[in-house]
Every structure is written in structure tokens, then in C-alpha cells.
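Shown here: protein.csv, CSV, C-alpha atoms and all ligand atoms.
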chain,number,residue,atom,x,y,z
N,922,MET,CA,18.6,9.4,-28.7
N,923,THR,CA,18.0,10.3,-25.0
N,924,THR,CA,19.6,7.9,-22.5
N,925,LEU,CA,17.9,7.0,-19.2
N,926,LEU,CA,19.5,5.5,-16.1
N,927,VAL,CA,17.0,3.2,-14.5
N,928,THR,CA,18.0,2.3,-10.9
N,929,GLY,CA,16.5,-0.9,-9.6
N,930,GLY,CA,15.9,-2.0,-13.2
N,931,ALA,CA,16.3,-5.7,-12.3
N,932,GLY,CA,13.5,-5.6,-9.8
N,933,PHE,CA,9.8,-6.1,-10.3
N,934,ILE,CA,8.6,-2.7,-11.5
N,935,GLY,CA,12.0,-1.7,-13.0
N,936,SER,CA,12.3,-4.7,-15.2
N,937,ASN,CA,8.7,-4.3,-16.5
N,938,LEU,CA,9.6,-0.6,-17.2
N,939,VAL,CA,12.8,-1.5,-19.0
N,940,ARG,CA,11.0,-4.1,-21.1
N,941,MET,CA,8.3,-1.5,-22.0
N,942,ILE,CA,11.0,1.1,-22.9
N,943,ALA,CA,13.0,-1.4,-25.0
N,944,HIS,CA,9.8,-2.4,-26.8
N,945,GLU,CA,8.9,1.2,-27.7
N,946,GLY,CA,12.5,1.9,-28.8
N,947,ARG,CA,12.4,5.6,-28.0
N,948,TYR,CA,15.1,5.7,-25.4
N,949,ARG,CA,18.5,4.1,-24.7
N,950,VAL,CA,18.5,2.5,-21.2
N,951,VAL,CA,21.2,1.9,-18.6
N,952,VAL,CA,20.0,-0.4,-15.9
N,953,PHE,CA,21.9,0.3,-12.6
N,954,ASP,CA,21.2,-2.3,-10.0
N,955,ALA,CA,22.9,-3.8,-7.0
N,956,LEU,CA,21.2,-7.2,-7.5
N,957,THR,CA,20.1,-7.6,-3.9
N,958,TYR,CA,17.8,-10.6,-3.1
N,959,ALA,CA,15.0,-8.6,-4.9
N,960,GLY,CA,17.1,-8.0,-8.1
N,961,ASN,CA,16.9,-10.7,-10.7
N,962,LEU,CA,18.6,-10.5,-14.1
N,963,GLU,CA,16.3,-13.3,-15.4
N,964,ASN,CA,13.7,-10.5,-15.3
N,965,LEU,CA,15.6,-8.9,-18.1
N,966,ASP,CA,16.5,-12.0,-20.0
N,967,GLY,CA,16.6,-11.3,-23.7
N,968,CYS,CA,16.4,-7.6,-23.1
N,969,ILE,CA,20.0,-6.6,-22.3
N,970,ASN,CA,21.8,-6.2,-25.7
N,971,GLY,CA,24.5,-3.7,-25.0
N,972,SER,CA,23.1,-1.2,-27.5
N,973,LEU,CA,19.6,0.0,-26.5
N,974,VAL,CA,19.7,-1.7,-23.0
N,975,SER,CA,22.9,-2.1,-21.0
N,976,PHE,CA,23.5,-3.2,-17.4
N,977,VAL,CA,25.8,-1.9,-14.7
N,978,HIS,CA,26.1,-3.9,-11.5
N,979,GLY,CA,26.3,-1.2,-8.8
N,980,ASN,CA,25.0,0.2,-5.6
N,981,ILE,CA,23.4,3.7,-5.5
N,982,LEU,CA,25.4,4.3,-2.3
N,983,ASP,CA,28.5,4.2,-4.5
N,984,ARG,CA,28.5,7.9,-5.6
N,985,ASP,CA,31.7,7.5,-7.7
N,986,LEU,CA,30.4,4.6,-9.6
N,987,VAL,CA,27.0,6.3,-10.2
N,988,ARG,CA,28.8,9.5,-11.4
N,989,SER,CA,31.2,7.6,-13.7
N,990,THR,CA,28.2,5.7,-15.1
N,991,LEU,CA,26.2,8.9,-15.7
N,992,GLU,CA,29.2,10.4,-17.5
N,993,HIS,CA,30.4,7.3,-19.4
N,994,HIS,CA,26.9,6.6,-20.8
N,995,LYS,CA,26.0,10.3,-21.3
N,996,VAL,CA,22.8,9.9,-19.3
N,997,ASP,CA,20.2,12.6,-19.7
N,998,SER,CA,17.5,11.5,-17.2
N,999,VAL,CA,17.3,9.2,-14.2
N,1000,ILE,CA,14.3,7.1,-13.2
N,1001,HIS,CA,14.9,6.1,-9.6
N,1002,LEU,CA,13.3,2.8,-8.5
N,1003,ALA,CA,16.1,1.2,-6.5
N,1004,ALA,CA,14.9,0.6,-3.0
N,1005,GLU,CA,14.3,-1.8,-0.2
N,1006,SER,CA,10.6,-2.3,-0.8
N,1007,HIS,CA,9.1,-4.9,1.6
N,1008,VAL,CA,7.2,-3.7,4.7
N,1009,ASP,CA,7.7,-6.9,6.6
N,1010,ARG,CA,11.5,-6.8,6.1
N,1011,SER,CA,11.5,-3.2,7.4
N,1012,ILE,CA,9.8,-4.3,10.6
N,1013,ASP,CA,12.4,-7.0,11.1
N,1014,SER,CA,15.3,-4.6,10.3
N,1015,ALA,CA,15.0,-1.0,9.4
N,1016,ALA,CA,18.7,-0.1,8.9
N,1017,PRO,CA,19.0,-1.3,5.2
N,1018,PHE,CA,15.9,0.8,4.4
N,1019,ILE,CA,17.6,3.9,5.7
N,1020,GLU,CA,20.8,3.1,3.9
N,1021,THR,CA,19.3,2.4,0.4
N,1022,ASN,CA,16.1,4.5,0.4
N,1023,VAL,CA,17.4,7.6,2.3
N,1024,ARG,CA,21.2,7.7,2.0
N,1025,GLY,CA,21.1,6.0,-1.4
N,1026,THR,CA,18.6,8.5,-2.8
N,1027,LEU,CA,20.8,11.3,-1.4
N,1028,GLU,CA,23.9,9.9,-3.2
N,1029,LEU,CA,22.0,9.6,-6.4
N,1030,LEU,CA,20.7,13.2,-6.1
N,1031,GLU,CA,24.2,14.5,-5.5
N,1032,ALA,CA,25.7,12.6,-8.5
N,1033,SER,CA,22.8,13.7,-10.7
N,1034,ARG,CA,23.3,17.3,-9.7
N,1035,SER,CA,27.0,17.3,-10.3
N,1036,CYS,CA,26.6,15.6,-13.7
N,1037,GLY,CA,23.9,18.0,-14.8
N,1038,ILE,CA,21.1,15.4,-15.2
N,1039,SER,CA,18.2,17.2,-17.0
N,1040,ARG,CA,15.4,15.2,-15.4
N,1041,PHE,CA,15.1,13.0,-12.2
N,1042,LEU,CA,12.0,10.9,-11.7
N,1043,HIS,CA,11.6,9.6,-8.2
N,1044,VAL,CA,9.3,6.6,-7.8
N,1045,SER,CA,7.6,6.6,-4.4
N,1046,THR,CA,4.5,5.0,-2.8
N,1047,ASP,CA,1.1,5.9,-1.4
N,1048,GLU,CA,2.3,4.3,1.9
N,1049,VAL,CA,3.9,7.7,2.8
N,1050,TYR,CA,0.4,9.0,3.6
N,1051,GLY,CA,-0.3,6.3,6.3
N,1052,THR,CA,-3.5,4.5,6.7
N,1053,LEU,CA,-7.2,5.2,6.0
N,1054,GLY,CA,-10.5,4.2,7.7
N,1055,ALA,CA,-13.3,2.6,5.6
N,1056,GLU,CA,-15.1,6.0,5.1
N,1057,ASP,CA,-12.1,8.3,4.7
N,1058,ALA,CA,-11.5,10.2,1.4
N,1059,PRO,CA,-8.7,8.9,-0.8
N,1060,PHE,CA,-5.2,10.3,-0.5
N,1061,THR,CA,-4.4,13.3,-2.6
N,1062,GLU,CA,-1.0,14.8,-3.2
N,1063,SER,CA,-1.5,17.3,-0.4
N,1064,THR,CA,-2.5,14.6,2.2
N,1065,PRO,CA,0.0,15.1,5.0
N,1066,LEU,CA,2.8,12.5,5.3
N,1067,ASP,CA,2.1,10.1,8.1
N,1068,PRO,CA,4.0,6.9,7.4
N,1069,THR,CA,3.4,3.9,9.6
N,1070,SER,CA,6.2,1.4,8.8
N,1071,PRO,CA,10.0,2.0,8.7
N,1072,TYR,CA,9.7,1.3,4.9
N,1073,ALA,CA,7.1,4.0,4.4
N,1074,ALA,CA,9.1,6.4,6.7
N,1075,SER,CA,12.2,5.8,4.6
N,1076,LYS,CA,10.3,6.5,1.4
N,1077,ALA,CA,8.8,9.7,2.9
N,1078,ALA,CA,12.3,10.8,3.9
N,1079,SER,CA,13.5,10.2,0.3
N,1080,ASP,CA,10.6,12.2,-1.1
N,1081,LEU,CA,11.5,15.1,1.1
N,1082,LEU,CA,15.1,15.0,0.0
N,1083,VAL,CA,14.1,15.1,-3.7
N,1084,THR,CA,11.8,18.1,-3.0
N,1085,SER,CA,14.6,19.8,-1.1
N,1086,PHE,CA,17.0,19.4,-4.0
N,1087,VAL,CA,14.4,21.0,-6.4
N,1088,ARG,CA,14.1,23.9,-4.0
N,1089,THR,CA,17.7,24.3,-2.9
N,1090,HIS,CA,19.7,23.3,-5.9
N,1091,GLY,CA,17.1,23.8,-8.7
N,1092,ILE,CA,17.3,20.2,-10.0
N,1093,ASN,CA,14.5,19.2,-12.3
N,1094,ALA,CA,12.6,16.4,-10.5
N,1095,VAL,CA,9.2,14.8,-10.3
N,1096,ILE,CA,7.8,12.4,-7.7
N,1097,THR,CA,5.2,9.7,-8.4
N,1098,ARG,CA,3.3,7.9,-5.6
N,1099,CYS,CA,1.6,4.7,-6.7
N,1100,SER,CA,-0.6,2.1,-5.0
N,1101,ASN,CA,0.2,-1.6,-4.8
N,1102,ASN,CA,1.5,-3.0,-8.1
N,1103,TYR,CA,1.0,-6.5,-9.4
N,1104,GLY,CA,2.0,-8.3,-12.5
N,1105,PRO,CA,4.7,-10.6,-14.0
N,1106,PHE,CA,8.2,-10.8,-12.4
N,1107,GLN,CA,7.1,-9.8,-8.9
N,1108,PHE,CA,9.2,-11.4,-6.1
N,1109,PRO,CA,7.0,-13.9,-4.1
N,1110,GLU,CA,7.3,-12.1,-0.8
N,1111,LYS,CA,4.6,-9.7,-1.8
N,1112,PHE,CA,0.9,-10.6,-1.4
N,1113,ILE,CA,-0.3,-11.5,-4.9
N,1114,PRO,CA,2.8,-13.5,-6.1
N,1115,LEU,CA,3.2,-15.2,-2.8
N,1116,MET,CA,-0.5,-16.3,-2.6
N,1117,THR,CA,-0.4,-17.3,-6.3
N,1118,LEU,CA,2.7,-19.5,-6.0
N,1119,ASN,CA,1.5,-21.0,-2.7
N,1120,ALA,CA,-1.8,-21.8,-4.3
N,1121,ILE,CA,-0.2,-23.4,-7.4
N,1122,GLU,CA,2.2,-25.4,-5.2
N,1123,GLN,CA,-0.7,-26.3,-2.7
N,1124,ARG,CA,1.0,-24.6,0.2
N,1125,ALA,CA,-0.6,-22.7,3.0
N,1126,MET,CA,-1.7,-19.1,2.2
N,1127,PRO,CA,-0.9,-16.9,5.3
N,1128,ILE,CA,-3.5,-14.2,5.9
N,1129,TYR,CA,-2.4,-11.5,8.3
N,1130,GLY,CA,-5.0,-10.7,11.0
N,1131,ASP,CA,-8.6,-10.7,9.8
N,1132,GLY,CA,-7.7,-10.3,6.1
N,1133,LYS,CA,-10.1,-7.4,5.8
N,1134,GLN,CA,-7.4,-4.8,4.9
N,1135,VAL,CA,-7.9,-3.0,1.7
N,1136,ARG,CA,-5.3,-2.3,-1.0
N,1137,ASP,CA,-5.8,-0.4,-4.3
N,1138,TRP,CA,-4.3,-2.7,-7.0
N,1139,LEU,CA,-2.5,-1.2,-10.0
N,1140,HIS,CA,-1.3,-3.3,-12.9
N,1141,VAL,CA,2.5,-2.8,-13.4
N,1142,ASP,CA,2.1,-1.9,-17.1
N,1143,ASP,CA,-0.4,0.9,-16.2
N,1144,HIS,CA,2.1,2.1,-13.6
N,1145,CYS,CA,5.0,2.1,-16.1
N,1146,ARG,CA,2.9,4.1,-18.6
N,1147,GLY,CA,2.3,6.6,-15.9
N,1148,LEU,CA,6.0,6.8,-15.1
N,1149,LEU,CA,6.9,7.6,-18.7
N,1150,LEU,CA,4.2,10.2,-18.8
N,1151,ALA,CA,5.4,11.8,-15.6
N,1152,LEU,CA,9.0,11.7,-16.9
N,1153,GLU,CA,8.0,13.4,-20.2
N,1154,ALA,CA,5.1,15.8,-19.1
N,1155,GLY,CA,5.3,16.2,-15.3
N,1156,THR,CA,6.1,19.6,-13.8
N,1157,SER,CA,9.3,19.8,-11.8
N,1158,GLY,CA,8.7,19.9,-8.1
N,1159,GLU,CA,5.3,18.3,-8.4
N,1160,ILE,CA,4.0,15.0,-7.1
N,1161,TYR,CA,1.6,12.7,-9.0
N,1162,ASN,CA,-0.5,10.0,-7.4
N,1163,LEU,CA,-1.0,6.9,-9.6
N,1164,GLY,CA,-3.8,4.6,-8.3
N,1165,GLY,CA,-5.4,1.5,-9.8
N,1166,PHE,CA,-9.1,2.3,-9.3
N,1167,ALA,CA,-9.3,-1.2,-7.8
N,1168,GLU,CA,-9.7,-1.2,-4.1
N,1169,ARG,CA,-10.1,-4.8,-3.0
N,1170,VAL,CA,-10.3,-6.5,0.5
N,1171,ASN,CA,-7.3,-8.9,0.9
N,1172,MET,CA,-9.7,-11.9,1.4
N,1173,HIS,CA,-11.4,-11.1,-1.8
N,1174,VAL,CA,-8.1,-11.3,-3.6
N,1175,VAL,CA,-7.3,-14.6,-2.0
N,1176,HIS,CA,-10.6,-16.1,-3.0
N,1177,GLU,CA,-10.1,-14.9,-6.6
N,1178,ILE,CA,-6.6,-16.5,-6.6
N,1179,LEU,CA,-8.1,-19.8,-5.3
N,1180,ARG,CA,-10.8,-19.7,-8.0
N,1181,LEU,CA,-8.4,-19.0,-10.8
N,1182,THR,CA,-5.9,-21.6,-9.7
N,1183,LYS,CA,-8.7,-24.1,-9.0
N,1184,ARG,CA,-7.7,-24.6,-5.4
N,1185,ASP,CA,-9.9,-24.8,-2.3
N,1186,GLU,CA,-10.2,-22.8,0.9
N,1187,SER,CA,-8.3,-25.4,3.0
N,1188,LEU,CA,-5.1,-23.6,2.0
N,1189,ILE,CA,-6.1,-20.5,3.8
N,1190,GLU,CA,-4.3,-20.0,7.1
N,1191,TYR,CA,-4.9,-17.1,9.4
N,1192,VAL,CA,-1.6,-16.0,11.0
N,1193,ALA,CA,-0.6,-13.2,13.5
N,1194,ASP,CA,-1.2,-9.7,12.2
N,1195,ARG,CA,1.6,-7.5,10.9
N,1196,LYS,CA,2.6,-4.9,13.5
N,1197,ALA,CA,0.9,-1.6,12.9
N,1198,HIS,CA,-0.8,-3.0,9.8
N,1199,ASP,CA,-2.2,-0.2,7.6
N,1200,ARG,CA,-5.9,-0.9,7.2
N,1201,ARG,CA,-6.7,0.7,3.9
N,1202,TYR,CA,-5.0,2.6,1.1
N,1203,SER,CA,-7.0,4.5,-1.5
N,1204,ILE,CA,-5.6,7.0,-3.9
N,1205,ASP,CA,-7.0,10.0,-5.8
N,1206,SER,CA,-5.3,10.2,-9.2
N,1207,ARG,CA,-7.2,13.1,-10.7
N,1208,LYS,CA,-4.1,15.2,-10.9
N,1209,ALA,CA,-2.3,12.6,-13.1
N,1210,GLN,CA,-5.4,12.2,-15.2
N,1211,GLN,CA,-5.8,15.9,-15.8
N,1212,GLU,CA,-2.1,17.0,-16.1
N,1213,LEU,CA,-0.5,13.9,-17.6
N,1214,GLY,CA,-3.5,12.4,-19.4
N,1215,TRP,CA,-2.9,9.2,-17.6
N,1216,MET,CA,-5.5,6.6,-16.9
N,1217,PRO,CA,-5.0,2.9,-16.1
N,1218,SER,CA,-6.5,0.6,-18.7
N,1219,CYS,CA,-6.4,-2.8,-17.1
N,1220,THR,CA,-9.2,-4.0,-14.9
N,1221,PHE,CA,-8.2,-5.9,-11.7
N,1222,GLU,CA,-10.1,-9.0,-12.9
N,1223,ASP,CA,-8.3,-9.1,-16.3
N,1224,GLY,CA,-5.0,-8.2,-14.7
N,1225,LEU,CA,-5.2,-10.8,-12.0
N,1226,ARG,CA,-6.2,-13.5,-14.5
N,1227,GLN,CA,-3.3,-12.6,-16.8
N,1228,THR,CA,-0.9,-12.4,-13.9
N,1229,ILE,CA,-1.8,-15.8,-12.6
N,1230,ALA,CA,-1.5,-17.2,-16.1
N,1231,TRP,CA,2.0,-15.7,-16.3
N,1232,TYR,CA,3.2,-17.4,-13.1
N,1233,GLU,CA,1.6,-20.7,-14.3
N,1234,ASP,CA,3.3,-20.4,-17.7
N,1235,HIS,CA,6.8,-19.6,-16.2
N,1236,PRO,CA,7.6,-22.5,-13.9
N,1237,GLU,CA,11.3,-22.1,-14.5
N,1238,TRP,CA,11.3,-18.5,-13.3
N,1239,CYS,CA,9.2,-19.5,-10.3
N,1240,SER,CA,11.4,-22.4,-9.3
N,1241,HIS,CA,14.6,-20.4,-9.7
N,1242,VAL,CA,13.2,-17.7,-7.5
N,1243,ARG,CA,11.9,-20.2,-4.9
N,1244,SER,CA,15.2,-22.1,-4.8
N,1245,GLY,CA,17.6,-19.1,-5.0
N,1246,GLU,CA,18.9,-20.4,-8.4
N,1247,TYR,CA,18.2,-16.9,-9.9
N,1248,ARG,CA,21.2,-15.5,-7.9
N,1249,ARG,CA,23.4,-17.7,-10.2
N,1250,PHE,CA,22.1,-16.2,-13.4
N,1251,TYR,CA,24.4,-13.2,-13.0
N,1252,GLU,CA,27.4,-15.3,-12.1
N,1253,SER,CA,27.0,-17.5,-15.2
N,1254,HIS,CA,26.4,-14.7,-17.6
N,1255,TYR,CA,29.0,-12.3,-16.2
N,1256,ASN,CA,31.6,-14.8,-15.1
N,1257,THR,CA,31.8,-13.3,-11.6
N,1258,SER,CA,30.1,-13.9,-8.2
N,1259,LEU,CA,27.6,-11.7,-6.5
E,1,LIG,P1,11.8,-4.6,-5.9
E,1,LIG,O1,12.1,-4.9,-4.5
E,1,LIG,O2,11.2,-5.7,-6.7
E,1,LIG,O3,13.1,-4.1,-6.7
E,1,LIG,C1,14.1,-3.3,-6.1
E,1,LIG,C2,15.3,-3.3,-7.0
E,1,LIG,O4,16.3,-2.3,-6.5
E,1,LIG,C3,16.0,-4.6,-7.0
E,1,LIG,O5,16.4,-5.0,-8.4
E,1,LIG,C4,17.3,-4.4,-6.2
E,1,LIG,O6,18.4,-5.2,-6.5
E,1,LIG,C5,17.5,-2.9,-6.4
E,1,LIG,N1,18.3,-2.3,-5.3
E,1,LIG,C6,18.0,-2.4,-4.0
E,1,LIG,N2,18.9,-1.7,-3.3
E,1,LIG,C7,19.8,-1.2,-4.2
E,1,LIG,C8,20.9,-0.3,-4.0
E,1,LIG,N3,21.4,0.1,-2.9
E,1,LIG,N4,21.5,0.1,-5.2
E,1,LIG,C9,21.1,-0.4,-6.4
E,1,LIG,N5,20.0,-1.2,-6.6
E,1,LIG,C10,19.4,-1.6,-5.5
E,1,LIG,O7,10.9,-3.3,-5.9
E,1,LIG,P2,9.7,-2.9,-6.8
E,1,LIG,O8,8.5,-3.5,-6.3
E,1,LIG,O9,10.1,-3.1,-8.2
E,1,LIG,O10,9.6,-1.3,-6.4
E,1,LIG,C11,10.3,-0.4,-7.2
E,1,LIG,C12,10.1,1.0,-6.6
E,1,LIG,O11,8.7,1.3,-6.6
E,1,LIG,C13,10.6,1.1,-5.1
E,1,LIG,O12,11.2,2.4,-5.0
E,1,LIG,C14,9.3,1.0,-4.3
E,1,LIG,O13,9.4,1.7,-3.1
E,1,LIG,C15,8.3,1.6,-5.3
E,1,LIG,N6,6.9,1.1,-5.1
E,1,LIG,C16,6.6,-0.2,-5.3
E,1,LIG,C17,5.3,-0.6,-5.1
E,1,LIG,C18,4.9,-2.1,-5.4
E,1,LIG,O14,3.7,-2.4,-5.2
E,1,LIG,N7,5.8,-3.0,-5.7
E,1,LIG,C19,4.3,0.3,-4.7
E,1,LIG,C20,4.7,1.6,-4.5
E,1,LIG,C21,5.9,2.0,-4.7
E,2,LIG,P1,2.2,-6.5,0.7
E,2,LIG,O1,2.3,-7.1,-0.7
E,2,LIG,O2,3.4,-6.7,1.6
E,2,LIG,O3,2.1,-4.9,0.4
E,2,LIG,P2,1.9,-3.7,1.4
E,2,LIG,O4,1.9,-4.1,2.8
E,2,LIG,O5,3.1,-2.8,1.1
E,2,LIG,O6,0.6,-3.1,1.0
E,2,LIG,O7,0.9,-6.8,1.4
E,2,LIG,C1,-0.4,-6.5,0.8
E,2,LIG,C2,-1.4,-6.8,1.8
E,2,LIG,O8,-1.5,-8.3,2.0
E,2,LIG,C3,-1.2,-6.2,3.2
E,2,LIG,O9,-2.5,-5.9,3.8
E,2,LIG,C4,-0.5,-7.3,4.0
E,2,LIG,C5,-1.2,-8.6,3.4
E,2,LIG,N1,-0.4,-9.8,3.5
E,2,LIG,C6,-0.9,-11.0,4.0
E,2,LIG,O10,-2.0,-11.0,4.5
E,2,LIG,N2,-0.1,-12.1,4.0
E,2,LIG,C7,1.1,-12.1,3.5
E,2,LIG,O11,1.8,-13.2,3.5
E,2,LIG,C8,1.6,-10.9,2.9
E,2,LIG,C9,3.0,-10.9,2.3
E,2,LIG,C10,0.8,-9.8,2.9
Can you turn what I pasted into C-alpha cells?
Ligand code: NAD
Ligand code: TYD
Amino acid sequence: MTTLLVTGGAGFIGSNLVRMIAHEGRYRVVVFDALTYAGNLENLDGCINGSLVSFVHGNILDRDLVRSTLEHHKVDSVIHLAAESHVDRSIDSAAPFIETNVRGTLELLEASRSCGISRFLHVSTDEVYGTLGAEDAPFTESTPLDPTSPYAASKAASDLLVTSFVRTHGINAVITRCSNNYGPFQFPEKFIPLMTLNAIEQRAMPIYGDGKQVRDWLHVDDHCRGLLLALEAGTSGEIYNLGGFAERVNMHVVHEILRLTKRDESLIEYVADRKAHDRRYSIDSRKAQQELGWMPSCTFEDGLRQTIAWYEDHPEWCSHVRSGEYRRFYESHYNTSL
């Protein structure tokens, strides 16, 4: 059976992907994760069993550990999700984004090359393309890179490194660029889980600027299906955009969350805008549809309803994440400190 290394597998998208792969049972998975503030082993509770899914606590900057993990577990393919992923944090401090997203990707590429990894899937973002006006055509894979935030710049740099390794060293790699994901297990610093938890807890819901920014929302399960298709059927050196077909204005999303949580508008609080706030993302996924046979199946309305229900049904996960208790899950299960 093929073995995959999933970096960042204890994060939001990574843990949903690992659950999906474990459920399908077609691959063996090694989760490789540094367990930063965004990594949470509770996301994989019941999933890590030592046979089909195992866990290595490690940093992608540690090339020796990455290499020994690839060798020890006889890894065939790498799905690279580990990253610093929050735009606001990159505005406060860009250095960790360069370390993990740029230098970490380089270390992973070097280790993968020296271990003869047969496939490398690099998970990137539509934010590398910059921002759109209301009437602009959606981003295609040939839209020029024009990142706004340090986060987006670090992801664009990592994409270029991956492409350079395909061209220079002949590694077999594919890049995906998706739009904003939402779904279970998302850390409540991102828009949808933050607004949902604040609504449930009757706390203020902070809207940046006028709240008229547009994001294209992709359910994490649809994204994960696209990742597996890209892994299995993508052409090396190619980029595939994965969008949600669900452009929504931020204020619309907030009103939907208020309606679904049965809260009123008094919770809305307009706050200072994010610096250089991208106005609109919109993504053209025709290439993934045509070449990978991928199409998202979840409507935004169904996905948001299910997502809010998930947060309402998992008060323990929410309270552990809010209180920082989730950091102790690793310590109690692995008898060591983070
Ligand atoms: P996340 O922040 O929830 O999880 C990131 C994971 O990476 C965490 O488990 C963290 O512990 C781990 N990690 C961070 N630094 C590490 C390091 N140096 N070594 C090993 N592990 C490390 O992120 P996410 O939302 O799941 O995003 C996953 C990937 O998808 C990222 O590459 C991100 O850029 C990309 N992406 C996310 C979205 C989105 O909407 N969430 C959209 C587009 C692209
Ligand atoms: P976010 O989830 O941070 O994703 P990204 O900036 O990478 O698209 O934010 C989504 C949108 O929601 C973005 O336009 C910023 C806005 N936003 C708020 O208005 N308030 C908030 O507290 C957050 C976290 C985001």
C-alpha cells in the first residue's frame, strides 16, 4: 500500500484530509506536524492508530528528521500543507511565514529529492494572485503572481520553489491553489469559525472595514477530494485552481451565521480595516474540472449549515481551543511537553 506523508496534518485542512484518507483506506498516512498554535491533535482524535495513520511530531525545517521519517516509513508521496496560514498574523510578524512557508518548503523539497519521493503535492492558495475588482474576470492558473500580504508573498515564493525543483531537478510535483476553505476543525482565528463561535457565545463579531469584501467559499471536503485527484491524476509541473463556486460578500456570511445561530445584529461590530485588505477573490477552476474531473459538490448554504451545526455539537473541542487546553492533549497522550 502506498504511504503518504501529510505535513500540517494536525491543522484544519490537513486533519480533514487525513480523516478522509483513513476512511477510504487506500493509503497509509504519516502525519508530520510541529503542533504550532494551529496544530491540534484533538482534530485527529480516534484516527491515529499506528497502522494506517501514524504521527510524527516534527518541524519541516528539520531536514534530518524529515529525511529519516521519509526513509523509516518508506514514504512514496508527500502532501505538503504545513504552513503559517493566517494573513493577520503575517501583518503583525512576517518572519515565521518566511521560515516555515519558504525555508520549510525548501527543506522538504530537498529531503524529498534526496529520498526519491515519487510525487510531491504542494497545497497553495488563490491569494498568490492578489486582489480583484468587482467586474474583473476570475483568477486562472496563468494570472500573474501579485501577492498583497506577507502570507501570500511567502506562499507565492514557495510555489516558485516547487516549480523550480520540477524544472531543475526533475522532481514530480503538482501545485494546487484553492479559495477560502470552511468546515469542521477550523481554528477560530479565521472568519467563519471566529464569527460562529462569537455568535454562539454572544460575543462581538468584528467586521473589518465596510464588510463588503468578497471571498469564494470552498467546503473543506470538496477541497480534500480535489487534493487527492491532483495527487493521483495531476500532471507534474502543473498548477490547478480549486474554487468553491460560492462568492459571497462578508456581511452576507455574517448575516447567515446570525440567522443560523438565532442571534441578532447587535453582535456586529465594525472595526478598523485590515491593512491592504484584498477586496475580492474569484477563482476559475475549469482546468481542474477538465483535467482532473473535479467539481465541488457542497453548496455554500448546506455547507455553512452543517459547519455551524458541527461547532454547536462539539462544545468540548471549542472550549479546549478557546482556553488553550488543546495544547495539553499532546502532552497527556505522548507523556511529553510541547
Ligand atoms: P492551519 O493553520 O490550520 O494548519 C497548519 C498546520 O501546519 C498546523 O497543524 C501546524 O501545526 C502545522 N505547521 C505549521 N508550521 C509547521 C512547521 N514548521 N513544521 C511542521 N508543521 C507545521 O492551516 P490550514 O488552514 O489547514 O491550511 C493548510 C494549507 O492550505 C496551508 O498551506 C495554507 O496556506 C493552505 N490554504 C489554506 C486555505 C484556508 O482557507 N484555510 C486556503 C488556501 C490555502
Ligand atoms: P480570513 O478568514 O482571515 O481569510 P483571508 O483573509 O485569507 O481571505 O478572512 C476572510 C475575510 O473575512 C477577509 O475579508 C477578512 C474578513 N475578516 C473580518 O472581517 N473579521 C475578522 O475577524 C476576520 C478574521 C476576517
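For the pair atom CA of N:Asn970 and atom CA of N:Arg949, the separation is 10.9 Å.
Using all atoms listed in the file, the contacts of stretch 1234-1237 of chain N at a cut-off of 10 Å, with sequence neighbours closer than 2 positions omitted, comprise Pro1105, Phe1106, Leu1118, Thr1228, Ile1229, Ala1230, Trp1231, Tyr1232, Cys1239, Ser1240, His1241, Val1242, Arg1243, Glu1246 and Tyr1247 of chain N.
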Go ahead and dump the residues you just picked, C-alpha atoms, as a PDB file, in the coordinates of the input.
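again36.pdb written:
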ATOM      1  CA  PRO N1105       4.700 -10.600 -14.000  1.00  0.00           C
ATOM      2  CA  PHE N1106       8.200 -10.800 -12.400  1.00  0.00           C
ATOM      3  CA  LEU N1118       2.700 -19.500  -6.000  1.00  0.00           C
ATOM      4  CA  THR N1228      -0.900 -12.400 -13.900  1.00  0.00           C
ATOM      5  CA  ILE N1229      -1.800 -15.800 -12.600  1.00  0.00           C
ATOM      6  CA  ALA N1230      -1.500 -17.200 -16.100  1.00  0.00           C
ATOM      7  CA  TRP N1231       2.000 -15.700 -16.300  1.00  0.00           C
ATOM      8  CA  TYR N1232       3.200 -17.400 -13.100  1.00  0.00           C
ATOM      9  CA  CYS N1239       9.200 -19.500 -10.300  1.00  0.00           C
ATOM     10  CA  SER N1240      11.400 -22.400  -9.300  1.00  0.00           C
ATOM     11  CA  HIS N1241      14.600 -20.400  -9.700  1.00  0.00           C
ATOM     12  CA  VAL N1242      13.200 -17.700  -7.500  1.00  0.00           C
ATOM     13  CA  ARG N1243      11.900 -20.200  -4.900  1.00  0.00           C
ATOM     14  CA  GLU N1246      18.900 -20.400  -8.400  1.00  0.00           C
ATOM     15  CA  TYR N1247      18.200 -16.900  -9.900  1.00  0.00           C
TER      16      TYR N1247
END
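In terms of minimum interatomic distance to N:Arg1184, N:Ile1121 ranks closest within N:Ile1121, N:Cys1145, N:Met922, N:Leu1082, counting all atoms listed in the file.
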Legend entry - Exercise: N:Ile1113 partners within 8 Å, all atoms listed in the file, chain neighbours under 4 positions left out, as number ranges by chain: N: 1103, 1109, 1117, 1174
Legend entry - Residue neighbourhood N:Leu938, 9 Å, only C-alpha atoms, exclusion window fewer than 6 positions, as a ChimeraX atom specification: /N:927,930,1141-1142,1144-1146,1148-1149
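Nearest to ligand LIG 2 (chain E) of all the residues N:Leu1150, N:Val1008, N:Leu1042, N:Val1087 is N:Val1008, based on all atoms listed in the file.
Contact shell of N:Ala943 at 9 Å (all atoms listed in the file; same-chain neighbours under 6 positions omitted): N:Arg949, N:Val950, N:Cys968, N:Leu973, N:Val974.
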Inset, instruction - Would you mind listing the residues within 7 Å of ligand LIG 1 (chain E), counting all atoms listed in the file, as a PyMOL selection string? - result: chain N and resi 928-935+953-961+979-982+1001-1007+1021+1025+1044-1047+1076+1098-1103+1107-1108
Legend entry - Env. residues ligand LIG 2 (chain E) / 10 Å / all atoms listed in the file / as a PyMOL selection string: chain N and resi 1006-1010+1046-1048+1070+1072-1073+1100-1103+1107-1116+1119+1125-1138+1170-1172+1174-1175+1190-1195+1198-1202
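Minimum atom-to-atom distances from N:Ala1078, N:Ile1038, N:Ile1189, N:Leu962 to N:Glu1252 were compared using all atoms listed in the file, and the lowest value belongs to N:Leu962.
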